[in-house]
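Novice: model-v4.tsv is reproduced below (TSV, C-alpha atoms).
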```
chain	number	residue	atom	x	y	z
A	157	MET	CA	110.73	52.58	126.25
A	158	THR	CA	110.81	49.32	128.15
A	159	LEU	CA	108.11	50.60	130.47
A	160	LYS	CA	105.85	51.46	127.51
A	161	VAL	CA	106.31	48.02	125.96
A	162	CYS	CA	105.55	46.27	129.23
A	163	THR	CA	102.51	48.45	129.81
A	164	SER	CA	101.26	47.71	126.29
A	165	LEU	CA	101.75	43.97	126.74
A	166	LEU	CA	99.94	44.05	130.08
A	167	LEU	CA	97.04	45.98	128.55
A	168	LEU	CA	96.86	43.51	125.63
A	169	PHE	CA	96.85	40.58	128.05
A	170	LEU	CA	94.04	42.07	130.11
A	171	VAL	CA	91.96	42.87	127.03
A	172	ASN	CA	92.47	39.34	125.64
A	173	SER	CA	91.56	37.81	129.00
A	174	ALA	CA	88.39	39.85	129.26
A	175	TRP	CA	87.44	39.00	125.63
A	176	THR	CA	88.09	35.30	126.23
A	177	ARG	CA	85.91	35.29	129.36
A	178	THR	CA	83.13	37.09	127.48
A	179	VAL	CA	83.25	34.65	124.56
A	180	ARG	CA	83.41	31.72	126.98
A	181	GLN	CA	80.37	33.01	128.88
A	182	VAL	CA	78.38	33.29	125.64
A	183	TYR	CA	79.54	29.84	124.52
A	184	ASP	CA	78.54	28.34	127.86
A	185	GLU	CA	75.10	29.91	127.64
A	186	LEU	CA	74.60	28.53	124.14
A	187	ASP	CA	75.79	25.04	124.99
A	188	PRO	CA	75.02	24.25	128.64
A	189	ASP	CA	75.62	20.52	128.14
A	190	HIS	CA	79.17	20.88	126.85
A	191	TRP	CA	81.42	18.24	128.37
A	192	SER	CA	84.10	20.72	129.46
A	193	HIS	CA	81.80	21.97	132.25
A	194	TYR	CA	82.54	18.78	134.11
A	195	THR	CA	85.62	17.27	135.65
A	196	PHE	CA	87.22	14.48	133.66
A	197	GLU	CA	86.88	11.77	136.30
A	198	CYS	CA	86.83	8.22	135.01
A	199	PRO	CA	85.82	5.07	136.93
A	200	ARG	CA	88.91	2.94	137.39
A	201	GLU	CA	87.14	-0.08	135.86
A	202	CYS	CA	86.43	1.75	132.62
A	203	PHE	CA	88.08	3.55	129.73
A	204	CYS	CA	87.44	7.22	128.98
A	205	PRO	CA	88.81	8.16	125.53
A	206	PRO	CA	90.12	11.75	125.57
A	207	SER	CA	88.96	12.19	121.97
A	208	PHE	CA	85.41	11.14	122.89
A	209	PRO	CA	84.84	12.69	126.34
A	210	ASN	CA	81.07	12.03	126.36
A	211	ALA	CA	81.60	8.24	126.17
A	212	LEU	CA	82.36	5.73	128.90
A	213	TYR	CA	83.56	2.24	127.92
A	214	CYS	CA	83.06	-0.35	130.66
A	215	ASP	CA	82.44	-3.35	128.40
A	216	ASN	CA	84.18	-6.73	128.77
A	217	LYS	CA	85.47	-5.93	132.26
A	218	GLY	CA	83.84	-8.71	134.29
A	219	LEU	CA	81.82	-6.11	136.22
A	220	LYS	CA	79.16	-7.32	138.64
A	221	GLU	CA	77.72	-3.87	139.27
A	222	ILE	CA	77.48	-0.56	137.45
A	223	PRO	CA	80.11	2.00	138.54
A	224	ALA	CA	79.26	5.62	139.31
A	225	ILE	CA	78.64	7.37	136.00
A	226	PRO	CA	80.18	10.86	135.62
A	227	ALA	CA	77.85	13.74	134.79
A	228	ARG	CA	79.40	14.45	131.39
A	229	ILE	CA	78.57	11.01	129.93
A	230	TRP	CA	76.10	10.65	127.06
A	231	TYR	CA	77.12	7.21	125.74
A	232	LEU	CA	77.54	4.33	128.19
A	233	TYR	CA	78.86	0.92	127.16
A	234	LEU	CA	78.39	-1.86	129.72
A	235	GLN	CA	77.90	-4.90	127.50
A	236	ASN	CA	79.53	-8.29	128.07
A	237	ASN	CA	79.74	-8.16	131.84
A	238	LEU	CA	78.20	-10.01	134.81
A	239	ILE	CA	75.86	-7.23	135.94
A	240	GLU	CA	72.71	-8.45	137.71
A	241	THR	CA	71.18	-5.21	138.99
A	242	VAL	CA	70.40	-1.74	137.68
A	243	SER	CA	70.00	0.62	140.63
A	244	GLU	CA	69.52	4.37	140.87
A	245	LYS	CA	72.73	5.16	142.74
A	246	PRO	CA	75.23	4.92	139.82
A	247	PHE	CA	73.06	7.27	137.72
A	248	VAL	CA	72.56	10.07	140.28
A	249	ASN	CA	74.80	12.46	138.35
A	250	ALA	CA	74.25	10.97	134.89
A	251	THR	CA	71.41	13.25	133.83
A	252	HIS	CA	72.53	13.60	130.21
A	253	LEU	CA	72.63	9.94	129.14
A	254	ARG	CA	71.43	9.32	125.59
A	255	TRP	CA	72.65	5.77	125.01
A	256	ILE	CA	73.04	2.75	127.31
A	257	ASN	CA	74.26	-0.65	126.14
A	258	LEU	CA	73.67	-3.38	128.73
A	259	ASN	CA	73.65	-6.33	126.33
A	260	LYS	CA	74.97	-9.70	127.47
A	261	ASN	CA	74.70	-9.36	131.21
A	262	LYS	CA	72.63	-11.22	133.84
A	263	ILE	CA	69.95	-8.64	134.49
A	264	THR	CA	66.55	-9.80	135.73
A	265	ASN	CA	63.36	-7.80	136.21
A	266	ASN	CA	63.80	-8.03	139.98
A	267	GLY	CA	67.28	-6.62	139.56
A	268	ILE	CA	66.00	-3.38	137.99
A	269	GLU	CA	65.17	-0.86	140.72
A	270	SER	CA	61.67	0.58	140.37
A	271	GLY	CA	61.64	3.82	138.37
A	272	VAL	CA	65.37	3.86	137.65
A	273	LEU	CA	64.95	3.76	133.86
A	274	SER	CA	62.14	6.31	133.64
A	275	LYS	CA	64.26	8.84	135.55
A	276	LEU	CA	66.76	8.91	132.68
A	277	LYS	CA	64.82	11.68	130.99
A	278	ARG	CA	67.16	12.18	128.03
A	279	LEU	CA	67.74	8.53	127.18
A	280	LEU	CA	67.11	7.72	123.51
A	281	TYR	CA	68.63	4.24	123.02
A	282	LEU	CA	68.35	1.36	125.47
A	283	PHE	CA	69.99	-2.01	124.75
A	284	LEU	CA	69.12	-4.93	127.06
A	285	GLU	CA	69.63	-7.89	124.75
A	286	ASP	CA	70.90	-11.26	125.97
A	287	ASN	CA	69.86	-10.89	129.60
A	288	GLU	CA	67.46	-12.75	131.93
A	289	LEU	CA	64.36	-10.56	131.58
A	290	GLU	CA	60.97	-12.27	131.78
A	291	GLU	CA	58.89	-9.21	130.94
A	292	VAL	CA	59.37	-5.83	129.30
A	293	PRO	CA	60.83	-3.54	132.01
A	294	ALA	CA	58.61	-0.69	133.15
A	295	PRO	CA	58.31	2.22	133.39
A	296	LEU	CA	60.53	3.36	130.54
A	297	PRO	CA	61.93	6.80	129.60
A	298	VAL	CA	59.27	8.70	127.64
A	299	GLY	CA	61.77	10.03	125.09
A	300	LEU	CA	63.08	6.60	124.09
A	301	GLU	CA	63.63	6.08	120.34
A	302	GLN	CA	65.00	2.53	120.24
A	303	LEU	CA	64.35	-0.36	122.63
A	304	ARG	CA	66.21	-3.62	122.01
A	305	LEU	CA	65.19	-6.60	124.14
A	306	ALA	CA	66.14	-9.54	121.93
A	307	ARG	CA	67.23	-12.91	123.30
A	308	ASN	CA	65.75	-12.68	126.76
A	309	LYS	CA	63.02	-14.85	128.32
A	310	ILE	CA	60.21	-12.33	127.90
A	311	SER	CA	56.74	-13.86	128.02
A	312	ARG	CA	54.83	-10.88	129.42
A	313	ILE	CA	54.30	-7.30	128.33
A	314	PRO	CA	52.89	-5.14	131.16
A	315	GLU	CA	49.72	-3.25	130.33
A	316	GLY	CA	50.38	0.27	129.12
A	317	VAL	CA	54.17	-0.10	129.10
A	318	PHE	CA	54.41	1.51	125.65
A	319	SER	CA	51.55	3.98	126.00
A	320	ASN	CA	53.75	7.06	126.50
A	321	LEU	CA	56.55	6.14	124.10
A	322	GLU	CA	55.48	8.38	121.23
A	323	ASN	CA	59.06	8.78	119.98
A	324	LEU	CA	59.88	5.07	119.79
A	325	THR	CA	60.81	4.10	116.22
A	326	MET	CA	62.29	0.63	116.81
A	327	LEU	CA	61.08	-2.16	119.10
A	328	ASP	CA	63.03	-5.41	118.99
A	329	LEU	CA	61.54	-8.36	120.88
A	330	HIS	CA	62.85	-11.19	118.76
A	331	HIS	CA	64.00	-14.50	120.23
A	332	ASN	CA	61.87	-14.40	123.37
A	333	SER	CA	58.98	-16.52	124.69
A	334	LEU	CA	55.95	-14.50	123.61
A	335	LEU	CA	52.66	-16.33	123.06
A	336	ASP	CA	49.62	-14.93	121.26
A	337	SER	CA	48.03	-14.17	124.64
A	338	ALA	CA	50.86	-11.74	125.44
A	339	LEU	CA	49.90	-9.49	122.53
A	340	GLN	CA	46.55	-7.89	123.28
A	341	SER	CA	44.70	-5.37	121.12
A	342	ASP	CA	46.13	-2.47	123.14
A	343	THR	CA	49.66	-3.81	123.68
A	344	PHE	CA	51.26	-1.45	121.17
A	345	GLN	CA	48.93	1.46	121.85
A	346	GLY	CA	50.80	4.76	121.95
A	347	LEU	CA	53.58	3.76	119.55
A	348	ASN	CA	52.48	6.31	116.99
A	349	ASN	CA	55.89	6.68	115.33
A	350	LEU	CA	57.05	3.08	115.39
A	351	MET	CA	58.73	2.11	112.12
A	352	GLN	CA	60.30	-1.28	112.87
A	353	LEU	CA	58.72	-4.07	114.94
A	354	ASN	CA	60.62	-7.32	115.33
A	355	ILE	CA	58.76	-10.21	117.00
A	356	ALA	CA	60.62	-12.97	115.16
A	357	LYS	CA	61.54	-16.24	116.85
A	358	ASN	CA	58.80	-16.31	119.47
A	359	SER	CA	55.87	-18.72	119.89
A	360	LEU	CA	53.15	-16.95	117.94
A	361	LYS	CA	50.48	-18.91	116.07
A	362	LYS	CA	48.52	-15.87	114.88
A	363	MET	CA	49.35	-12.54	113.33
A	364	PRO	CA	49.69	-9.99	116.18
A	365	LEU	CA	46.82	-7.66	116.89
A	366	SER	CA	46.77	-3.90	116.34
A	367	ILE	CA	50.20	-3.28	114.86
A	368	PRO	CA	50.94	0.50	114.92
A	369	ALA	CA	49.68	2.11	111.72
A	370	ASN	CA	53.00	3.72	110.77
A	371	THR	CA	55.00	0.49	110.88
A	372	LEU	CA	57.29	0.13	107.86
A	373	GLN	CA	59.15	-3.06	108.76
A	374	LEU	CA	57.41	-6.05	110.34
A	375	PHE	CA	59.51	-9.12	111.15
A	376	LEU	CA	57.67	-12.29	112.20
A	377	ASP	CA	60.12	-15.02	111.12
A	378	ASN	CA	60.47	-18.27	113.06
A	379	ASN	CA	57.03	-18.46	114.61
A	380	SER	CA	54.18	-20.92	113.97
A	381	ILE	CA	51.81	-18.61	112.10
A	382	GLU	CA	49.33	-20.47	109.90
A	383	VAL	CA	46.83	-17.83	108.74
A	384	ILE	CA	46.87	-14.26	107.42
A	385	PRO	CA	43.51	-12.64	108.35
A	386	GLU	CA	41.47	-11.03	105.58
A	387	ASN	CA	42.47	-7.37	105.02
A	388	TYR	CA	45.12	-7.63	107.74
A	389	PHE	CA	47.47	-5.16	106.08
A	390	SER	CA	44.86	-2.46	105.55
A	391	ALA	CA	45.49	-1.46	109.18
A	392	ILE	CA	49.20	-0.93	108.48
A	393	PRO	CA	49.07	0.84	105.09
A	394	LYS	CA	52.75	1.86	105.14
A	395	VAL	CA	54.28	-1.58	105.66
A	396	THR	CA	57.16	-1.95	103.20
A	397	PHE	CA	59.26	-4.88	104.44
A	398	LEU	CA	57.43	-8.02	105.58
A	399	ARG	CA	59.25	-11.12	106.81
A	400	LEU	CA	57.32	-14.33	107.49
A	401	ASN	CA	60.05	-16.89	106.86
A	402	TYR	CA	59.99	-20.16	108.83
A	403	ASN	CA	56.30	-20.24	109.67
A	404	LYS	CA	53.47	-22.68	108.80
A	405	LEU	CA	51.70	-20.76	106.08
A	406	SER	CA	49.83	-22.83	103.51
A	407	ASP	CA	47.78	-21.83	100.46
A	408	ASP	CA	44.57	-22.13	102.48
A	409	GLY	CA	45.90	-19.77	105.14
A	410	ILE	CA	46.37	-16.85	102.74
A	411	PRO	CA	43.35	-14.83	101.50
A	412	PRO	CA	43.08	-14.42	97.70
A	413	ASN	CA	44.68	-10.97	97.79
A	414	GLY	CA	46.38	-11.25	101.14
A	415	PHE	CA	49.74	-10.03	99.86
A	416	ASN	CA	48.43	-7.91	97.00
A	417	VAL	CA	49.37	-4.77	98.90
A	418	SER	CA	50.80	-1.77	97.07
A	419	SER	CA	53.04	-0.63	99.95
A	420	ILE	CA	54.95	-3.94	100.26
A	421	LEU	CA	58.27	-3.82	98.40
A	422	ASP	CA	60.04	-6.77	100.05
A	423	LEU	CA	58.07	-9.94	100.85
A	424	GLN	CA	59.78	-12.94	102.45
A	425	LEU	CA	57.85	-16.22	102.70
A	426	SER	CA	60.71	-18.72	102.69
A	427	HIS	CA	60.45	-22.05	104.52
A	428	ASN	CA	56.66	-22.32	104.65
A	429	GLN	CA	54.19	-24.84	103.17
A	430	LEU	CA	53.05	-23.04	100.01
A	431	THR	CA	52.37	-25.02	96.83
A	432	LYS	CA	51.76	-22.00	94.62
A	433	ILE	CA	52.84	-18.38	94.37
A	434	PRO	CA	50.28	-16.09	96.04
A	435	PRO	CA	48.99	-13.05	94.10
A	436	ILE	CA	51.34	-10.10	94.42
A	437	ASN	CA	51.17	-6.38	93.69
A	438	ALA	CA	52.88	-4.70	90.75
A	439	HIS	CA	54.91	-2.57	93.19
A	440	LEU	CA	56.64	-5.57	94.81
A	441	GLU	CA	60.42	-5.57	94.16
A	442	HIS	CA	61.78	-8.57	96.10
A	443	LEU	CA	60.01	-11.91	96.58
A	444	HIS	CA	61.46	-14.80	98.60
A	445	LEU	CA	59.61	-18.11	98.21
A	446	ASP	CA	62.46	-20.58	98.56
A	447	HIS	CA	62.01	-23.86	100.44
A	448	ASN	CA	58.28	-24.25	100.05
A	449	ARG	CA	56.39	-26.96	98.11
A	450	ILE	CA	55.91	-25.14	94.84
A	451	LYS	CA	56.05	-27.48	91.81
A	452	SER	CA	55.53	-25.10	88.91
A	453	VAL	CA	55.39	-21.42	88.01
A	454	ASN	CA	52.86	-19.95	85.63
A	455	GLY	CA	53.77	-16.41	84.63
A	456	THR	CA	50.31	-15.69	83.27
A	457	GLN	CA	48.74	-16.53	86.64
A	458	ILE	CA	51.16	-14.66	88.91
A	459	CYS	CA	51.66	-11.58	86.73
A	460	PRO	CA	50.01	-8.56	88.47
A	461	VAL	CA	48.94	-7.26	85.05
A	462	SER	CA	47.92	-9.21	81.97
A	463	ILE	CA	50.78	-10.56	79.88
A	464	ALA	CA	49.42	-8.66	76.86
A	465	ILE	CA	49.64	-5.36	78.72
A	466	ALA	CA	53.14	-6.22	79.96
A	467	GLU	CA	54.25	-6.86	76.36
A	468	ASP	CA	52.70	-3.64	75.09
A	469	TYR	CA	54.02	-1.33	77.83
A	470	GLY	CA	57.55	-2.71	78.11
A	471	PHE	CA	59.35	-0.57	80.67
A	472	TYR	CA	56.58	2.02	80.87
A	473	GLY	CA	53.14	2.34	82.42
A	474	ASN	CA	52.19	-0.13	85.13
A	475	THR	CA	55.06	-2.53	84.48
A	476	PRO	CA	55.59	-4.89	87.46
A	477	ARG	CA	58.64	-3.81	89.45
A	478	LEU	CA	59.83	-7.24	90.60
A	479	ARG	CA	63.64	-7.32	90.50
A	480	TYR	CA	64.52	-10.35	92.60
A	481	LEU	CA	62.73	-13.71	92.72
A	482	ARG	CA	63.94	-16.62	94.80
A	483	LEU	CA	62.39	-20.05	94.23
A	484	ASP	CA	65.15	-22.52	95.12
A	485	GLY	CA	64.39	-25.37	97.49
A	486	ASN	CA	61.06	-26.09	95.79
A	487	GLU	CA	60.20	-28.71	93.17
A	488	ILE	CA	60.53	-26.37	90.21
A	489	GLN	CA	62.67	-27.48	87.30
A	490	PRO	CA	64.44	-25.04	84.96
A	491	PRO	CA	64.20	-23.38	82.51
A	492	ILE	CA	62.40	-20.26	83.66
A	493	PRO	CA	59.10	-19.89	81.78
A	494	LEU	CA	59.22	-17.22	79.10
A	495	ASP	CA	56.04	-15.55	80.36
A	496	ILE	CA	57.83	-14.80	83.66
A	497	MET	CA	60.43	-12.78	81.79
A	498	ILE	CA	57.76	-11.09	79.66
A	499	CYS	CA	55.78	-10.03	82.73
A	500	PHE	CA	58.64	-9.02	85.01
A	501	ARG	CA	60.79	-6.98	82.62
A	502	LEU	CA	62.83	-5.50	85.47
A	503	LEU	CA	63.96	-8.85	86.89
A	504	GLN	CA	67.67	-8.85	87.64
A	505	ALA	CA	67.96	-12.20	89.43
A	506	VAL	CA	65.94	-15.41	89.55
A	507	VAL	CA	67.13	-18.23	91.82
A	508	ILE	CA	65.67	-21.66	91.09
```
Could you show the structure in this file as structure tokens?
Specialist:
Amino acid sequence: MTLKVCTSLLLLFLVNSAWTRTVRQVYDELDPDHWSHYTFECPRECFCPPSFPNALYCDNKGLKEIPAIPARIWYLYLQNNLIETVSEKPFVNATHLRWINLNKNKITNNGIESGVLSKLKRLLYLFLEDNELEEVPAPLPVGLEQLRLARNKISRIPEGVFSNLENLTMLDLHHNSLLDSALQSDTFQGLNNLMQLNIAKNSLKKMPLSIPANTLQLFLDNNSIEVIPENYFSAIPKVTFLRLNYNKLSDDGIPPNGFNVSSILDLQLSHNQLTKIPPINAHLEHLHLDHNRIKSVNGTQICPVSIAIAEDYGFYGNTPRLRYLRLDGNEIQPPIPLDIMICFRLLQAVVI
């Protein structure tokens, strides 16, 4: 009896072992990148959370160089260190990287080994904010989706650096040293899927040339822009959020229907030199005009439809969609004119 039981248990064990190996083989074939294929080594300078085995945390460690990155790592955090160079050696085995955060280091263009970034074929997100870069690093991984280069010293954009980045959806270049001459007509060529472009806090005096046609969010705050060219936004027909705060826009610098664009839902023109509200589209939902030189508001003049039509249609038809209007920091005295409320029936907040 004992022999039969032992034999049965042995047979069950062998069957289970064979089944487990078969299932494991199938699982491995379906998911070749699974982290458990790799040993769980962890650089001594870093932290490897057991519950998040694809991540490597080396931030805030006072590192002066990048440690060897294990092959299993997808997400690499190296921010807030003293790193000056990015060489190929630490990434030899790191062929699956999706995300690298190198913010707040001391990286220069000379410190980035030629071709090291472009060899990271699977990289989707690259963060290099708060470093010492003087130009956009090149070449870049062709599959990149987000590139964040804010708060560097960038004054140059190499020709063709973005030409192969068809998947890039966000490009952040704010708080750098870009002049108008750095943005040529072909600078953004190839960025066919770009949705957000941030060039705020640079040294631009003109609207940038040839913004990618699919751009939804365009941020140009804190420059010295004085003029909006005629029909400028016809080349970016999907732009929805437009920020031009802290520029030098005056009434003369805006064409008669410069901002009368049906795609724009959020328009920010705070801290400029406007003395009147520019014509807007009925689709606009948020309008920021605080801290200009506006002295009065005439609802009849700024209403995108006639006041009579607004009264007749109420909440229906082509009723203007403005919900938020900010006018504080001007020379306007309350109360709010009645024709403003008649025109913009959907207004939820007016700041004067």
Novice: Tell me which of A:Asn428, A:Asn413, A:Asn454, A:Asn210 sits closest to Trp255 of chain A, counting only C-alpha atoms.
Specialist: A:Asn210
Novice: Give me, as a PyMOL selection string, all polymer residues having an atom no more than 10 Å from segment 323-336 of chain A, counting only C-alpha atoms and skipping those fewer than 4 positions away in the same chain.
Specialist: chain A and resi 280-281+283+285-286+289-292+298-313+318+340+346-365+370-373+375-379
Novice: Would you list the contacts of Asn416 of chain A as a PDB file with C-alpha atoms, in the frame of the given file, taking every protein, DNA or RNA residue within 9 Å and counting only C-alpha atoms, but skipping same-chain residues closer than 3 positions in sequence?
Specialist:
```
ATOM      1  CA  PRO A 412      43.080 -14.420  97.700  1.00  0.00           C
ATOM      2  CA  ASN A 413      44.680 -10.970  97.790  1.00  0.00           C
ATOM      3  CA  ILE A 420      54.950  -3.940 100.260  1.00  0.00           C
ATOM      4  CA  PRO A 434      50.280 -16.090  96.040  1.00  0.00           C
ATOM      5  CA  PRO A 435      48.990 -13.050  94.100  1.00  0.00           C
ATOM      6  CA  ILE A 436      51.340 -10.100  94.420  1.00  0.00           C
ATOM      7  CA  ASN A 437      51.170  -6.380  93.690  1.00  0.00           C
ATOM      8  CA  ALA A 438      52.880  -4.700  90.750  1.00  0.00           C
ATOM      9  CA  LEU A 440      56.640  -5.570  94.810  1.00  0.00           C
ATOM     10  CA  PRO A 460      50.010  -8.560  88.470  1.00  0.00           C
TER      11      PRO A 460
END
```
Novice: Find the residues near Lys275 of chain A: any atom within 10 Å, counting only C-alpha atoms, skip ones fewer than 2 places away on the same chain, and give them as a ChimeraX atom specification.
Specialist: /A:244,247-248,251,270-273,277-279,295-298
Novice: Work out how far apart atom CA of Ile225 of chain A and atom CA of Ala250 of chain A are and give it in Å to one decimal.
Specialist: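 Here the two named atoms are 5.8 Å from each other.
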Novice: Compute the distance from (45.6, -16.0, 105.7) to each atom, counting only C-alpha atoms, keep the residues with any atom at most 9 Å away, and return them as a ChimeraX atom specification; use the coordinates of the file.
Specialist: /A:382-386,388,405-412,414
Novice: Quick one: residues within 10 Å of Gly316 of chain A, only C-alpha atoms, excluding same-chain residues fewer than 3 positions away - as a list in words?
Specialist: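 Non-adjacent residues within range: Ala294, Pro295, Ile313, Ser319, Asn320, Leu321, Asp342, Thr343, Phe344, Gln345 and Gly346 of chain A.
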Novice: Once you have the residues from the selection above, write them out as a PDB file, in the frame of the given file, restricted to C-alpha atoms.
Specialist:
```pdb
ATOM      1  CA  ALA A 294      58.610  -0.690 133.150  1.00  0.00           C
ATOM      2  CA  PRO A 295      58.310   2.220 133.390  1.00  0.00           C
ATOM      3  CA  ILE A 313      54.300  -7.300 128.330  1.00  0.00           C
ATOM      4  CA  SER A 319      51.550   3.980 126.000  1.00  0.00           C
ATOM      5  CA  ASN A 320      53.750   7.060 126.500  1.00  0.00           C
ATOM      6  CA  LEU A 321      56.550   6.140 124.100  1.00  0.00           C
ATOM      7  CA  ASP A 342      46.130  -2.470 123.140  1.00  0.00           C
ATOM      8  CA  THR A 343      49.660  -3.810 123.680  1.00  0.00           C
ATOM      9  CA  PHE A 344      51.260  -1.450 121.170  1.00  0.00           C
ATOM     10  CA  GLN A 345      48.930   1.460 121.850  1.00  0.00           C
ATOM     11  CA  GLY A 346      50.800   4.760 121.950  1.00  0.00           C
TER      12      GLY A 346
END
```
Novice: With the input short on atoms, add N, CA and C atoms back to segment 356-371 of chain A and write it as an mmCIF file, in the coordinates of the input.
Specialist:
```cif
data_model
loop_
_atom_site.group_PDB
_atom_site.id
_atom_site.type_symbol
_atom_site.label_atom_id
_atom_site.label_comp_id
_atom_site.auth_asym_id
_atom_site.auth_seq_id
_atom_site.Cartn_x
_atom_site.Cartn_y
_atom_site.Cartn_z
ATOM 1 N N ALA A 356 60.195 -11.687 115.713
ATOM 2 C CA ALA A 356 60.620 -12.970 115.160
ATOM 3 C C ALA A 356 61.076 -13.918 116.275
ATOM 4 N N LYS A 357 61.032 -15.190 115.964
ATOM 5 C CA LYS A 357 61.540 -16.240 116.850
ATOM 6 C C LYS A 357 60.894 -16.193 118.234
ATOM 7 N N ASN A 358 59.568 -16.167 118.248
ATOM 8 C CA ASN A 358 58.800 -16.310 119.470
ATOM 9 C C ASN A 358 57.917 -17.545 119.335
ATOM 10 N N SER A 359 56.750 -17.551 119.959
ATOM 11 C CA SER A 359 55.870 -18.720 119.890
ATOM 12 C C SER A 359 54.473 -18.315 119.429
ATOM 13 N N LEU A 360 54.425 -17.441 118.442
ATOM 14 C CA LEU A 360 53.150 -16.950 117.940
ATOM 15 C C LEU A 360 52.528 -17.939 116.949
ATOM 16 N N LYS A 361 51.215 -18.100 117.036
ATOM 17 C CA LYS A 361 50.480 -18.910 116.070
ATOM 18 C C LYS A 361 49.563 -18.058 115.196
ATOM 19 N N LYS A 362 49.383 -16.797 115.614
ATOM 20 C CA LYS A 362 48.520 -15.870 114.880
ATOM 21 C C LYS A 362 49.272 -14.578 114.589
ATOM 22 N N MET A 363 48.807 -13.869 113.591
ATOM 23 C CA MET A 363 49.350 -12.540 113.330
ATOM 24 C C MET A 363 49.007 -11.640 114.518
ATOM 25 N N PRO A 364 49.954 -10.832 114.994
ATOM 26 C CA PRO A 364 49.690 -9.990 116.180
ATOM 27 C C PRO A 364 48.624 -8.944 115.922
ATOM 28 N N LEU A 365 47.909 -8.613 116.978
ATOM 29 C CA LEU A 365 46.820 -7.660 116.890
ATOM 30 C C LEU A 365 47.312 -6.215 116.923
ATOM 31 N N SER A 366 46.609 -5.354 116.226
ATOM 32 C CA SER A 366 46.770 -3.900 116.340
ATOM 33 C C SER A 366 48.215 -3.430 116.239
ATOM 34 N N ILE A 367 48.862 -3.794 115.142
ATOM 35 C CA ILE A 367 50.200 -3.280 114.860
ATOM 36 C C ILE A 367 50.088 -1.769 114.614
ATOM 37 N N PRO A 368 51.012 -0.948 115.140
ATOM 38 C CA PRO A 368 50.940 0.500 114.920
ATOM 39 C C PRO A 368 50.860 0.852 113.439
ATOM 40 N N ALA A 369 50.018 1.809 113.116
ATOM 41 C CA ALA A 369 49.680 2.110 111.720
ATOM 42 C C ALA A 369 50.857 2.596 110.894
ATOM 43 N N ASN A 370 51.866 3.182 111.522
ATOM 44 C CA ASN A 370 53.000 3.720 110.770
ATOM 45 C C ASN A 370 54.137 2.732 110.578
ATOM 46 N N THR A 371 53.941 1.498 110.988
ATOM 47 C CA THR A 371 55.000 0.490 110.880
ATOM 48 C C THR A 371 55.417 0.279 109.426
#
```
